[in-house]
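Trainee: Here you go, this is work27.txt (compact mmCIF, C-alpha atoms).
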# COMPACT_ATOMS: atom_id res chain seq x y z
CA MET K 22 103.22 -80.63 -170.46
CA LEU K 23 102.08 -84.17 -171.24
CA ASN K 24 101.06 -86.40 -168.34
CA ILE K 25 99.46 -89.82 -168.45
CA PHE K 26 97.60 -91.55 -165.64
CA THR K 27 97.35 -95.29 -165.14
CA LEU K 28 95.55 -97.46 -162.61
CA ALA K 29 97.64 -99.40 -160.11
CA ASN K 30 95.96 -101.26 -157.26
CA GLY K 31 92.87 -99.12 -157.67
CA ARG K 32 94.80 -95.86 -157.43
CA LEU K 33 95.59 -93.26 -160.07
CA VAL K 34 99.30 -93.08 -160.84
CA GLN K 35 100.81 -90.15 -162.73
CA GLN K 36 103.58 -90.63 -165.30
CA GLU K 37 105.44 -87.82 -167.06
CA ILE K 38 106.21 -88.29 -170.73
CA GLU K 39 109.35 -86.79 -172.23
CA ALA K 40 109.56 -88.67 -175.54
CA LEU K 41 107.33 -90.54 -177.99
CA GLU K 42 108.83 -93.87 -176.97
CA ASP K 43 107.64 -93.41 -173.39
CA LEU K 44 104.01 -93.71 -174.47
CA SER K 45 104.42 -97.35 -175.43
CA HIS K 46 105.48 -98.28 -171.89
CA PHE K 47 102.12 -97.47 -170.31
CA LYS K 48 98.45 -98.22 -170.79
CA PRO K 49 96.74 -95.10 -169.46
CA ILE K 50 93.10 -94.27 -168.83
CA TRP K 51 93.74 -90.53 -168.85
CA VAL K 52 96.10 -88.39 -170.93
CA ASP K 53 96.30 -84.77 -169.77
CA LEU K 54 97.84 -82.13 -172.04
CA GLN K 55 98.50 -78.78 -170.38
CA SER K 56 99.59 -76.11 -172.88
CA PRO K 57 100.77 -78.88 -175.23
CA THR K 58 103.66 -78.23 -177.57
CA LEU K 59 103.62 -79.18 -181.25
CA ASP K 60 105.83 -82.20 -180.47
CA GLU K 61 103.44 -83.42 -177.78
CA LYS K 62 100.46 -83.09 -180.12
CA ARG K 63 102.42 -85.00 -182.74
CA TRP K 64 103.24 -87.80 -180.27
CA VAL K 65 99.55 -88.16 -179.38
CA LYS K 66 98.57 -88.31 -183.04
CA GLN K 67 101.26 -90.87 -183.94
CA HIS K 68 100.73 -93.18 -180.98
CA TYR K 69 96.97 -92.89 -180.40
CA GLY K 70 95.79 -91.83 -183.85
CA LEU K 71 94.11 -88.80 -182.26
CA SER K 72 94.13 -85.39 -183.93
CA ILE K 73 93.69 -82.47 -181.54
CA PRO K 74 91.54 -79.75 -183.18
CA GLU K 75 93.18 -76.36 -183.54
CA ASP K 76 90.20 -74.67 -181.90
CA ALA K 77 90.04 -77.15 -179.02
CA MET K 78 90.54 -74.48 -176.34
CA ASP K 79 88.93 -71.51 -178.08
CA GLU K 80 86.41 -69.69 -175.92
CA ASP K 81 84.40 -68.22 -178.76
CA ILE K 82 83.42 -71.57 -180.27
CA GLU K 83 79.76 -72.04 -181.15
CA GLU K 84 77.69 -73.51 -178.34
CA SER K 85 76.29 -76.20 -180.64
CA ALA K 86 79.80 -77.50 -181.34
CA ARG K 87 80.84 -77.96 -177.73
CA PHE K 88 79.15 -81.34 -177.20
CA TYR K 89 79.14 -83.73 -180.13
CA GLU K 90 80.15 -87.19 -181.39
CA GLU K 91 82.45 -87.78 -184.37
CA ASP K 92 81.79 -90.38 -187.06
CA ASN K 93 84.64 -92.52 -185.67
CA GLY K 94 82.92 -92.71 -182.27
CA GLU K 95 84.93 -90.02 -180.47
CA LEU K 96 82.96 -87.97 -177.95
CA HIS K 97 83.96 -84.31 -177.74
CA ILE K 98 83.09 -82.20 -174.71
CA ARG K 99 84.30 -78.65 -174.16
CA SER K 100 83.59 -77.32 -170.73
CA ASP K 101 84.68 -74.43 -168.50
CA PHE K 102 86.36 -74.86 -165.12
CA LEU K 103 86.63 -72.17 -162.47
CA ILE K 104 89.86 -70.81 -161.01
CA ASP K 105 89.15 -68.83 -157.85
CA ASP K 106 92.18 -66.55 -157.75
CA GLU K 107 91.94 -63.69 -155.26
CA GLU K 108 93.45 -61.27 -157.77
CA ASP K 109 92.06 -62.68 -161.03
CA SER K 110 89.17 -65.15 -160.88
CA ARG K 111 88.53 -66.69 -164.28
CA SER K 112 87.17 -69.66 -166.21
CA VAL K 113 89.42 -71.94 -168.25
CA ARG K 114 88.15 -73.87 -171.27
CA VAL K 115 89.00 -77.58 -171.30
CA ALA K 116 88.52 -79.89 -174.28
CA PHE K 117 87.79 -83.57 -173.57
CA ILE K 118 88.01 -86.31 -176.17
CA LEU K 119 86.90 -89.86 -175.34
CA ASN K 120 86.79 -92.92 -177.60
CA LEU K 121 84.75 -95.79 -176.17
CA ILE K 122 83.66 -97.83 -179.17
CA ASN K 123 86.42 -97.77 -181.83
CA PRO K 124 88.79 -100.69 -181.13
CA ASP K 125 90.95 -99.86 -184.16
CA LEU K 126 92.54 -96.94 -182.30
CA ARG K 127 94.84 -97.07 -179.30
CA SER K 128 92.80 -94.21 -177.87
CA LYS K 129 89.93 -96.58 -177.01
CA GLY K 130 89.09 -96.27 -173.34
CA VAL K 131 91.40 -93.29 -172.82
CA LEU K 132 90.24 -89.82 -171.80
CA PHE K 133 92.18 -86.93 -173.34
CA SER K 134 92.01 -83.45 -171.77
CA ILE K 135 93.54 -80.33 -173.30
CA HIS K 136 93.82 -77.00 -171.48
CA GLU K 137 96.09 -73.95 -171.23
CA GLU K 138 96.83 -73.81 -167.49
CA ASP K 139 96.73 -75.91 -164.36
CA ILE K 140 93.25 -76.15 -162.83
CA PRO K 141 92.51 -76.61 -159.10
CA VAL K 142 89.80 -79.19 -159.83
CA PHE K 143 92.30 -81.36 -161.71
CA ARG K 144 94.83 -81.13 -158.89
CA LEU K 145 92.20 -82.03 -156.31
CA LEU K 146 91.02 -85.09 -158.24
CA ARG K 147 94.58 -86.32 -158.81
CA LEU K 148 95.30 -85.99 -155.09
CA ARG K 149 92.16 -87.89 -154.08
CA ALA K 150 92.60 -90.62 -156.69
CA ARG K 151 96.17 -91.27 -155.51
CA ARG K 152 95.00 -91.73 -151.92
CA ALA K 153 91.59 -93.38 -152.26
CA THR K 154 91.46 -96.92 -153.57
CA GLY K 155 88.70 -97.65 -156.08
CA LEU K 156 87.69 -94.03 -156.61
CA ILE K 157 88.51 -94.28 -160.33
CA GLU K 158 87.64 -97.34 -162.44
CA ASP K 159 87.91 -96.18 -166.03
CA ALA K 160 88.10 -93.13 -168.31
CA ARG K 161 84.37 -92.41 -167.97
CA GLU K 162 84.79 -92.32 -164.21
CA VAL K 163 87.63 -89.80 -164.54
CA LEU K 164 85.44 -87.44 -166.57
CA LEU K 165 82.48 -87.84 -164.25
CA ARG K 166 84.62 -87.29 -161.15
CA LEU K 167 86.08 -84.14 -162.69
CA PHE K 168 82.60 -82.67 -163.06
CA ASP K 169 81.67 -83.83 -159.57
CA THR K 170 84.78 -82.18 -158.12
CA ASP K 171 84.05 -79.06 -160.15
CA ALA K 172 80.61 -78.77 -158.54
CA GLU K 173 82.20 -79.26 -155.11
CA TYR K 174 84.84 -76.62 -155.88
CA SER K 175 82.08 -74.19 -156.91
CA ALA K 176 80.23 -74.91 -153.66
CA ASP K 177 83.36 -74.16 -151.61
CA THR K 178 83.85 -70.91 -153.53
CA LEU K 179 80.24 -69.92 -152.82
CA GLU K 180 80.86 -70.45 -149.12
CA GLY K 181 83.88 -68.13 -149.41
CA ILE K 182 81.72 -65.51 -151.13
CA TYR K 183 79.16 -65.71 -148.32
CA ASP K 184 81.88 -65.27 -145.67
CA ASP K 185 83.28 -62.23 -147.48
CA LEU K 186 79.80 -60.72 -147.84
CA GLU K 187 79.23 -61.19 -144.11
CA LYS K 188 82.32 -59.06 -143.43
CA VAL K 189 81.08 -56.43 -145.88
CA SER K 190 77.63 -56.57 -144.30
CA SER K 191 79.02 -55.84 -140.82
CA GLN K 192 80.78 -52.76 -142.20
CA VAL K 193 77.74 -51.47 -144.07
CA LEU K 194 75.21 -52.09 -141.32
CA SER K 195 77.41 -50.48 -138.67
CA GLY K 196 75.99 -47.18 -139.90
CA ASN K 197 79.30 -45.31 -139.97
CA VAL K 198 80.02 -45.52 -143.68
CA THR K 199 82.36 -42.82 -144.92
CA ASP K 200 82.95 -42.16 -148.59
CA ALA K 201 86.36 -43.90 -148.39
CA ARG K 202 84.87 -46.98 -146.73
CA ALA K 203 81.97 -46.98 -149.18
CA SER K 204 84.47 -47.07 -152.06
CA GLU K 205 86.19 -50.12 -150.53
CA VAL K 206 82.85 -51.83 -149.88
CA LEU K 207 81.63 -51.26 -153.45
CA SER K 208 84.89 -52.68 -154.82
CA ALA K 209 84.55 -55.81 -152.64
CA ILE K 210 80.88 -56.24 -153.60
CA ALA K 211 81.69 -55.89 -157.30
CA ARG K 212 84.33 -58.62 -157.05
CA GLN K 213 81.97 -61.00 -155.26
CA GLU K 214 79.22 -60.28 -157.81
CA ASP K 215 81.59 -61.10 -160.68
CA LEU K 216 82.77 -64.31 -159.00
CA ASN K 217 79.20 -65.36 -158.20
CA GLY K 218 78.25 -64.80 -161.84
CA ARG K 219 81.19 -66.92 -163.01
CA ILE K 220 80.14 -69.72 -160.68
CA ARG K 221 76.59 -69.63 -162.00
CA ARG K 222 77.84 -69.81 -165.58
CA ASN K 223 80.26 -72.57 -164.63
CA VAL K 224 77.66 -74.81 -162.99
CA MET K 225 75.30 -74.22 -165.93
CA ASP K 226 78.06 -75.42 -168.27
CA THR K 227 78.73 -78.43 -166.01
CA ARG K 228 75.04 -79.32 -166.06
CA ARG K 229 75.04 -79.33 -169.86
CA ALA K 230 78.16 -81.51 -170.00
CA VAL K 231 76.80 -84.06 -167.52
CA SER K 232 73.44 -84.11 -169.33
CA PHE K 233 75.27 -84.82 -172.59
CA MET K 234 77.08 -87.75 -170.97
CA MET K 235 73.76 -89.14 -169.77
CA ARG K 236 72.12 -88.73 -173.20
CA SER K 237 75.04 -90.37 -174.99
CA LYS K 238 74.44 -93.60 -173.02
CA MET K 239 78.15 -93.87 -172.23
CA LEU K 240 77.59 -94.43 -168.49
CA ASN K 241 76.78 -97.63 -166.69
CA ALA K 242 73.95 -97.82 -164.17
CA GLU K 243 76.07 -96.78 -161.17
CA GLN K 244 77.72 -93.93 -163.06
CA PHE K 245 74.33 -92.78 -164.36
CA GLU K 246 73.07 -92.48 -160.80
CA ASP K 247 76.22 -90.56 -159.85
CA ALA K 248 75.52 -88.19 -162.75
CA ARG K 249 71.99 -87.63 -161.48
CA GLN K 250 73.38 -86.77 -158.04
CA ILE K 251 75.74 -84.23 -159.63
CA LEU K 252 72.76 -82.58 -161.32
CA ARG K 253 70.92 -82.43 -158.00
CA ASP K 254 73.95 -80.78 -156.40
CA ILE K 255 74.08 -78.26 -159.24
CA ASP K 256 70.40 -77.43 -158.71
CA SER K 257 71.15 -76.60 -155.08
CA LEU K 258 74.06 -74.40 -156.18
CA ASP K 259 71.75 -72.49 -158.50
CA SER K 260 69.49 -71.65 -155.57
CA HIS K 261 72.46 -70.53 -153.52
CA THR K 262 73.82 -68.27 -156.26
CA ALA K 263 70.37 -66.67 -156.55
CA PHE K 264 70.39 -66.04 -152.78
CA LEU K 265 73.85 -64.47 -152.98
CA PHE K 266 72.78 -62.24 -155.87
CA ASP K 267 69.93 -60.95 -153.69
CA LYS K 268 72.32 -60.32 -150.80
CA ILE K 269 74.77 -58.56 -153.11
CA ASN K 270 72.02 -56.31 -154.47
CA PHE K 271 70.87 -55.45 -150.93
CA LEU K 272 74.40 -54.53 -149.82
CA MET K 273 74.92 -52.54 -153.00
CA ASP K 274 71.70 -50.57 -152.46
CA ALA K 275 72.54 -50.02 -148.77
CA THR K 276 76.03 -48.73 -149.59
CA VAL K 277 74.73 -46.40 -152.29
CA GLY K 278 72.08 -45.23 -149.80
CA PHE K 279 74.77 -44.27 -147.26
CA ILE K 280 76.66 -42.41 -149.99
CA ASN K 281 73.49 -40.46 -150.76
CA ILE K 282 73.01 -39.71 -147.06
CA ASN K 283 76.57 -38.34 -146.82
CA GLN K 284 75.97 -36.18 -149.87
CA ASN K 285 72.66 -34.96 -148.45
CA LYS K 286 74.42 -33.93 -145.23
CA ILE K 287 76.81 -31.77 -147.23
CA ILE K 288 73.97 -30.25 -149.25
CA LYS K 289 72.03 -29.63 -146.02
CA MET K 290 74.93 -27.69 -144.52
CA PHE K 291 75.13 -25.50 -147.62
CA SER K 292 71.38 -24.97 -147.51
CA VAL K 293 71.45 -23.98 -143.82
CA ALA K 294 74.35 -21.59 -144.43
CA SER K 295 72.51 -20.01 -147.35
CA VAL K 296 69.33 -19.48 -145.31
CA ALA K 297 71.29 -18.12 -142.30
CA LEU K 298 73.06 -15.55 -144.49
CA LEU K 299 69.90 -14.27 -146.12
CA PRO K 300 68.91 -11.84 -143.25
CA PRO K 301 72.43 -10.26 -143.09
CA THR K 302 72.37 -9.87 -146.84
CA LEU K 303 68.98 -8.18 -146.62
CA ILE K 304 70.23 -5.75 -143.96
CA ALA K 305 73.38 -4.97 -145.93
CA SER K 306 71.23 -4.34 -148.99
CA VAL K 307 68.98 -1.92 -147.06
CA TYR K 308 71.91 0.12 -145.80
CA GLY K 309 73.42 0.11 -149.25
CA MET K 310 70.50 2.08 -150.65
CA ASN K 311 71.23 5.64 -151.77
CA PHE K 312 68.37 7.45 -150.02
CA GLN K 313 69.07 10.98 -148.80
CA TYR K 314 67.44 10.59 -145.38
CA MET K 315 68.54 7.49 -143.45
CA PRO K 316 68.85 8.31 -139.73
CA GLU K 317 71.62 5.78 -138.95
CA LEU K 318 73.95 7.14 -141.64
CA SER K 319 74.53 10.39 -139.74
CA GLN K 320 75.10 8.72 -136.36
CA LYS K 321 78.47 7.52 -134.98
CA TRP K 322 76.91 4.29 -133.79
CA GLY K 323 75.30 3.58 -137.19
CA TYR K 324 78.09 1.37 -138.57
CA PRO K 325 78.55 -0.91 -135.49
CA TYR K 326 74.79 -0.98 -135.12
CA ALA K 327 74.41 -2.33 -138.69
CA LEU K 328 77.18 -4.91 -138.13
CA ALA K 329 75.65 -6.09 -134.87
CA LEU K 330 72.25 -6.33 -136.51
CA MET K 331 73.65 -8.48 -139.32
CA VAL K 332 75.47 -10.81 -136.87
CA ALA K 333 72.33 -11.18 -134.77
CA SER K 334 70.20 -11.88 -137.82
CA ALA K 335 72.63 -14.70 -138.78
CA LEU K 336 72.85 -16.21 -135.29
CA VAL K 337 69.12 -16.35 -134.68
CA PRO K 338 68.40 -18.72 -137.64
CA MET K 339 71.41 -20.89 -136.69
CA TRP K 340 70.09 -21.14 -133.10
CA TYR K 341 66.66 -22.07 -134.43
CA PHE K 342 68.06 -24.74 -136.78
CA ARG K 343 70.14 -26.28 -134.00
CA LYS K 344 67.15 -26.31 -131.64
CA ARG K 345 65.13 -28.21 -134.26
CA GLY K 346 68.00 -30.67 -134.77
CA TRP K 347 68.57 -29.80 -138.41
CA LEU K 348 72.33 -29.38 -138.01
CA LYS K 349 72.96 -32.98 -136.91
What do you get writing this file as structure tokens?
Mentor:
Amino acid sequence: MLNIFTLANGRLVQQEIEALEDLSHFKPIWVDLQSPTLDEKRWVKQHYGLSIPEDAMDEDIEESARFYEEDNGELHIRSDFLIDDEEDSRSVRVAFILNLINPDLRSKGVLFSIHEEDIPVFRLLRLRARRATGLIEDAREVLLRLFDTDAEYSADTLEGIYDDLEKVSSQVLSGNVTDARASEVLSAIARQEDLNGRIRRNVMDTRRAVSFMMRSKMLNAEQFEDARQILRDIDSLDSHTAFLFDKINFLMDATVGFININQNKIIKMFSVASVALLPPTLIASVYGMNFQYMPELSQKWGYPYALALMVASALVPMWYFRKRGWLK
């Protein structure tokens, strides 16, 4: 999908492109390519003189090659954006290309973004820029606002993690944690830990991208101050992710502790049963000896007497254990 965005009365207007000729009808500030086809890549190259690298969206690209400037003045930024899906949270790599200084190319002043799937941050920015007048002024503003919205999206996701952990916390600290409930709690905690880790990696990547924009001197004074504010917001998110990691570890340890308590209860019952059956076993062993003279063996009451003695020897330890509270 190839979409271009132009400015009209201070608002961002989206235009869908279905043929190469359509590109000549607009003067965009942002060209967004979502899972671009070969034809769409060819249109961009023919009209704007921009070649999209084959590895633009690769996730295993070297870190040193994610933020750089080409000899023709093109700035390349490859950054990750979070998708908070309840079933499959993930990060999506986006490649940005921006030409600000080469007037020989039609791509001057146009931001190009290439990614494989639709991203919530992009949708949110498009919605705001269509409604708010003056939110976007140029291509640099689009890129900066994307990173700003990304930090805000991460903050909202962190709030969701905290709310989910509060629900888990109420279950764990209720004290009645069965093995089945503990399994559900551990699964929920593991998901929140993974999502929290993705957010931390995402904001770290956003910090690097914004820092690169500031070092490249591509921002004006107002945009530079906005970039500094984004970095301050990211610093606060780092502190919050650290707090959530501590909470996650506490809940994990508490849940594992309750599992151990449940297992200890089972082991305790086996231990009590073993101790209670020791006296009857001893009595049965005595009367199983093959001595010639054992008075009870010649008596009619000998057998019931031995049985009663074994039952009594089992009940007395059980009564003692219950009195001491060891069976609770």
Trainee: Residues near Asp200 of chain K, anyone? I mean within 8 Å using all atoms listed in the file, not counting same-chain ones fewer than 2 positions away, as an MDAnalysis selection string.
Mentor: chainID K and resid 198 202:204 280 283
Trainee: Save out the residues we just selected, C-alpha atoms, as a CSV table (one decimal), in the frame of the given file.
Mentor:
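Just written: out01.csv:
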chain,number,residue,atom,x,y,z
K,198,VAL,CA,80.0,-45.5,-143.7
K,202,ARG,CA,84.9,-47.0,-146.7
K,203,ALA,CA,82.0,-47.0,-149.2
K,204,SER,CA,84.5,-47.1,-152.1
K,280,ILE,CA,76.7,-42.4,-150.0
K,283,ASN,CA,76.6,-38.3,-146.8
Trainee: Can you work out the spacing between atom CA of Leu33 of chain K and atom CA of Arg151 of chain K in Å, to one decimal?
Mentor: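 That distance, rounded to one decimal, is 5.0 Å.
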Trainee: I'd like to know which of K:Asp274, K:Glu90, K:Asp185, K:Asp139 is closest to Arg236 of chain K, using all atoms listed in the file.
Mentor: K:Glu90
Trainee: Rounded to one decimal in Å, what is the spacing between atom CA of Ala29 of chain K and atom CA of Asp159 of chain K?
Mentor: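 Atom-to-atom, atom CA of Ala29 of chain K to atom CA of Asp159 of chain K, that is 11.8 Å.
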Trainee: List the neighbours of Tyr326 of chain K out to 12 Å using only C-alpha atoms; skip same-chain residues closer than 3 positions along the sequence, and give me the result as a ChimeraX atom specification.
Mentor: /K:304-305,308,316-318,320-323,329-333
Trainee: Rounded to one decimal place, report the atom CA of Asn24 of chain K-atom CA of Thr178 of chain K distance in Å.
Mentor: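 Value for the atom CA of Asn24 of chain K-atom CA of Thr178 of chain K distance: 27.5 Å.
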Trainee: Restricting the calculation to all atoms listed in the file, which member of K:Leu23, K:Leu216, K:Ala275, K:Met234 is positioned closest to Lys62 of chain K?
Mentor: K:Leu23
Trainee: Given the point (95.6, -96.7, -170.1) in the coordinates of this file, which residues lie within 10 Å, counting all atoms listed in the file, and how would they look as a ChimeraX atom specification?
Mentor: /K:25-28,44,47-52,127-132,159-160
Trainee: Could you list, as a count of residues only, every residue within 6 Å of Ile118 of chain K, counting only C-alpha atoms and ignoring same-chain residues fewer than 6 positions away?
Mentor: 3
Trainee: Which residue out of K:Leu298, K:Ile104, K:Met310, K:Met315 has the minimum interatomic distance to Ser334 of chain K when all atoms listed in the file are used?
Mentor: K:Leu298
Trainee: From the set K:Tyr89, K:Phe233, K:Phe266, K:Phe271, which residue has the shortest atom-to-atom contact distance to Ala248 of chain K, counting only C-alpha atoms?
Mentor: K:Phe233
Trainee: Taking into account all atoms listed in the file, which residue in the set K:Val206, K:Leu336, K:Leu148, K:Ile73 is nearest to Lys188 of chain K?
Mentor: K:Val206
Trainee: Glu108 of chain K: which residues within 12 Å, counting all atoms listed in the file, same-chain residues fewer than 6 positions away excluded, as a PyMOL selection string?
Mentor: chain K and resi 209+212-213+216
Trainee: Please save C-alpha atoms of the selected residues as a CSV table (one decimal), in the frame of the given file.
Mentor:
chain,number,residue,atom,x,y,z
K,209,ALA,CA,84.6,-55.8,-152.6
K,212,ARG,CA,84.3,-58.6,-157.0
K,213,GLN,CA,82.0,-61.0,-155.3
K,216,LEU,CA,82.8,-64.3,-159.0
Trainee: Determine the nearest neighbour of Leu328 of chain K from the options K:Val34, K:Phe342, K:Gln55, K:Thr302, counting only C-alpha atoms.
Mentor: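 Of K:Val34, K:Phe342, K:Gln55, K:Thr302, the one nearest Leu328 of chain K, counting only C-alpha atoms, is K:Thr302.
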Trainee: Could you please give me, as a PyMOL selection string, the residues of protein, DNA or RNA lying at most 6 Å from (84.5, -90.6, -177.2) in the coordinate frame of the file, considering only C-alpha atoms?
Mentor: chain K and resi 94-96+118-121
Trainee: Write the residues of the selection above to a file with C-alpha atoms, as a PDB file, keeping the file's coordinate frame.
Mentor:
ATOM      1  CA  GLY K  94      82.920 -92.710-182.270  1.00  0.00           C
ATOM      2  CA  GLU K  95      84.930 -90.020-180.470  1.00  0.00           C
ATOM      3  CA  LEU K  96      82.960 -87.970-177.950  1.00  0.00           C
ATOM      4  CA  ILE K 118      88.010 -86.310-176.170  1.00  0.00           C
ATOM      5  CA  LEU K 119      86.900 -89.860-175.340  1.00  0.00           C
ATOM      6  CA  ASN K 120      86.790 -92.920-177.600  1.00  0.00           C
ATOM      7  CA  LEU K 121      84.750 -95.790-176.170  1.00  0.00           C
TER       8      LEU K 121
END
Trainee: Could you pull the residues within 12 Å of Glu246 of chain K, counting all atoms listed in the file, minus those fewer than 3 positions along the same chain, as a list of chain:residue names?
Mentor: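 Contacts, in chain order: K:Leu165, K:Val231, K:Ser232, K:Met234, K:Met235, K:Leu240, K:Asn241, K:Ala242, K:Glu243, K:Arg249, K:Gln250, K:Ile251, K:Leu252, K:Arg253.
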Trainee: Taking all atoms of segment 25-36 of chain K that the file lists and extending 5 Å past them on each side, where is the centre of the axis-aligned box and how long are its edges? Answer in Å to one decimal, as JSON.
Mentor:
{"center_x": 98.2, "center_y": -95.5, "center_z": -162.9, "size_x": 20.7, "size_y": 21.4, "size_z": 21.2}
Trainee: With the cut-off set at 12 Å and counting all atoms listed in the file, tabulate each residue of segment 257-339 of chain K with an atom at most that distance from an atom of segment 217-230 of chain K, showing the nearest atom pair and its distance in Å to one decimal, ordered by chain and increasing number, as JSON lines.
Mentor:
{"residue": "K:Ser257", "atom": "CA", "partner": "K:Val224", "partner_atom": "CA", "distance": 10.4}
{"residue": "K:Leu258", "atom": "CA", "partner": "K:Val224", "partner_atom": "CA", "distance": 7.7}
{"residue": "K:Asp259", "atom": "CA", "partner": "K:Arg221", "partner_atom": "CA", "distance": 6.6}
{"residue": "K:Ser260", "atom": "CA", "partner": "K:Arg221", "partner_atom": "CA", "distance": 9.8}
{"residue": "K:His261", "atom": "CA", "partner": "K:Arg221", "partner_atom": "CA", "distance": 9.5}
{"residue": "K:Thr262", "atom": "CA", "partner": "K:Asn217", "partner_atom": "CA", "distance": 6.4}
{"residue": "K:Ala263", "atom": "CA", "partner": "K:Arg221", "partner_atom": "CA", "distance": 8.8}
{"residue": "K:Phe264", "atom": "CA", "partner": "K:Asn217", "partner_atom": "CA", "distance": 10.4}
{"residue": "K:Leu265", "atom": "CA", "partner": "K:Asn217", "partner_atom": "CA", "distance": 7.5}
{"residue": "K:Phe266", "atom": "CA", "partner": "K:Asn217", "partner_atom": "CA", "distance": 7.5}
{"residue": "K:Asp267", "atom": "CA", "partner": "K:Asn217", "partner_atom": "CA", "distance": 11.2}
{"residue": "K:Lys268", "atom": "CA", "partner": "K:Asn217", "partner_atom": "CA", "distance": 11.3}
{"residue": "K:Ile269", "atom": "CA", "partner": "K:Asn217", "partner_atom": "CA", "distance": 9.6}
Trainee: How about completing segment 185-190 of chain K with all heavy atoms and giving it to me as a PDB file, keeping the file's coordinate frame?
Mentor:
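Result went into rebuild12.pdb, see below:
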ATOM      1  N   ASP K 185      82.812 -63.577-147.150  1.00  0.00           N
ATOM      2  CA  ASP K 185      83.280 -62.230-147.480  1.00  0.00           C
ATOM      3  C   ASP K 185      82.136 -61.219-147.429  1.00  0.00           C
ATOM      4  O   ASP K 185      82.321 -60.082-146.972  1.00  0.00           O
ATOM      5  CB  ASP K 185      83.917 -62.221-148.879  1.00  0.00           C
ATOM      6  CG  ASP K 185      85.232 -62.989-148.921  1.00  0.00           C
ATOM      7  OD1 ASP K 185      85.831 -63.179-147.844  1.00  0.00           O
ATOM      8  OD2 ASP K 185      85.651 -63.399-150.017  1.00  0.00           O
ATOM      9  N   LEU K 186      80.951 -61.627-147.887  1.00  0.00           N
ATOM     10  CA  LEU K 186      79.800 -60.720-147.840  1.00  0.00           C
ATOM     11  C   LEU K 186      79.368 -60.449-146.404  1.00  0.00           C
ATOM     12  O   LEU K 186      78.860 -59.359-146.104  1.00  0.00           O
ATOM     13  CB  LEU K 186      78.640 -61.305-148.642  1.00  0.00           C
ATOM     14  CG  LEU K 186      78.816 -61.325-150.172  1.00  0.00           C
ATOM     15  CD1 LEU K 186      77.597 -61.972-150.825  1.00  0.00           C
ATOM     16  CD2 LEU K 186      79.018 -59.917-150.717  1.00  0.00           C
ATOM     17  N   GLU K 187      79.556 -61.419-145.514  1.00  0.00           N
ATOM     18  CA  GLU K 187      79.230 -61.190-144.110  1.00  0.00           C
ATOM     19  C   GLU K 187      80.135 -60.106-143.511  1.00  0.00           C
ATOM     20  O   GLU K 187      79.677 -59.263-142.731  1.00  0.00           O
ATOM     21  CB  GLU K 187      79.393 -62.491-143.318  1.00  0.00           C
ATOM     22  CG  GLU K 187      78.236 -63.459-143.490  1.00  0.00           C
ATOM     23  CD  GLU K 187      76.946 -62.917-142.911  1.00  0.00           C
ATOM     24  OE1 GLU K 187      76.871 -62.715-141.694  1.00  0.00           O
ATOM     25  OE2 GLU K 187      76.013 -62.662-143.698  1.00  0.00           O
ATOM     26  N   LYS K 188      81.399 -60.104-143.901  1.00  0.00           N
ATOM     27  CA  LYS K 188      82.320 -59.060-143.430  1.00  0.00           C
ATOM     28  C   LYS K 188      81.893 -57.702-143.985  1.00  0.00           C
ATOM     29  O   LYS K 188      81.905 -56.694-143.265  1.00  0.00           O
ATOM     30  CB  LYS K 188      83.747 -59.389-143.857  1.00  0.00           C
ATOM     31  CG  LYS K 188      84.293 -60.673-143.264  1.00  0.00           C
ATOM     32  CD  LYS K 188      85.688 -60.972-143.794  1.00  0.00           C
ATOM     33  CE  LYS K 188      86.210 -62.302-143.246  1.00  0.00           C
ATOM     34  NZ  LYS K 188      87.554 -62.632-143.806  1.00  0.00           N
ATOM     35  N   VAL K 189      81.539 -57.682-145.267  1.00  0.00           N
ATOM     36  CA  VAL K 189      81.080 -56.430-145.880  1.00  0.00           C
ATOM     37  C   VAL K 189      79.798 -55.962-145.206  1.00  0.00           C
ATOM     38  O   VAL K 189      79.613 -54.768-144.942  1.00  0.00           O
ATOM     39  CB  VAL K 189      80.871 -56.627-147.394  1.00  0.00           C
ATOM     40  CG1 VAL K 189      80.215 -55.395-148.008  1.00  0.00           C
ATOM     41  CG2 VAL K 189      82.198 -56.914-148.081  1.00  0.00           C
ATOM     42  N   SER K 190      78.907 -56.909-144.919  1.00  0.00           N
ATOM     43  CA  SER K 190      77.630 -56.570-144.300  1.00  0.00           C
ATOM     44  C   SER K 190      77.833 -55.920-142.929  1.00  0.00           C
ATOM     45  O   SER K 190      77.148 -54.952-142.577  1.00  0.00           O
ATOM     46  CB  SER K 190      76.761 -57.817-144.162  1.00  0.00           C
ATOM     47  OG  SER K 190      75.534 -57.521-143.536  1.00  0.00           O
TER      48      SER K 190
END
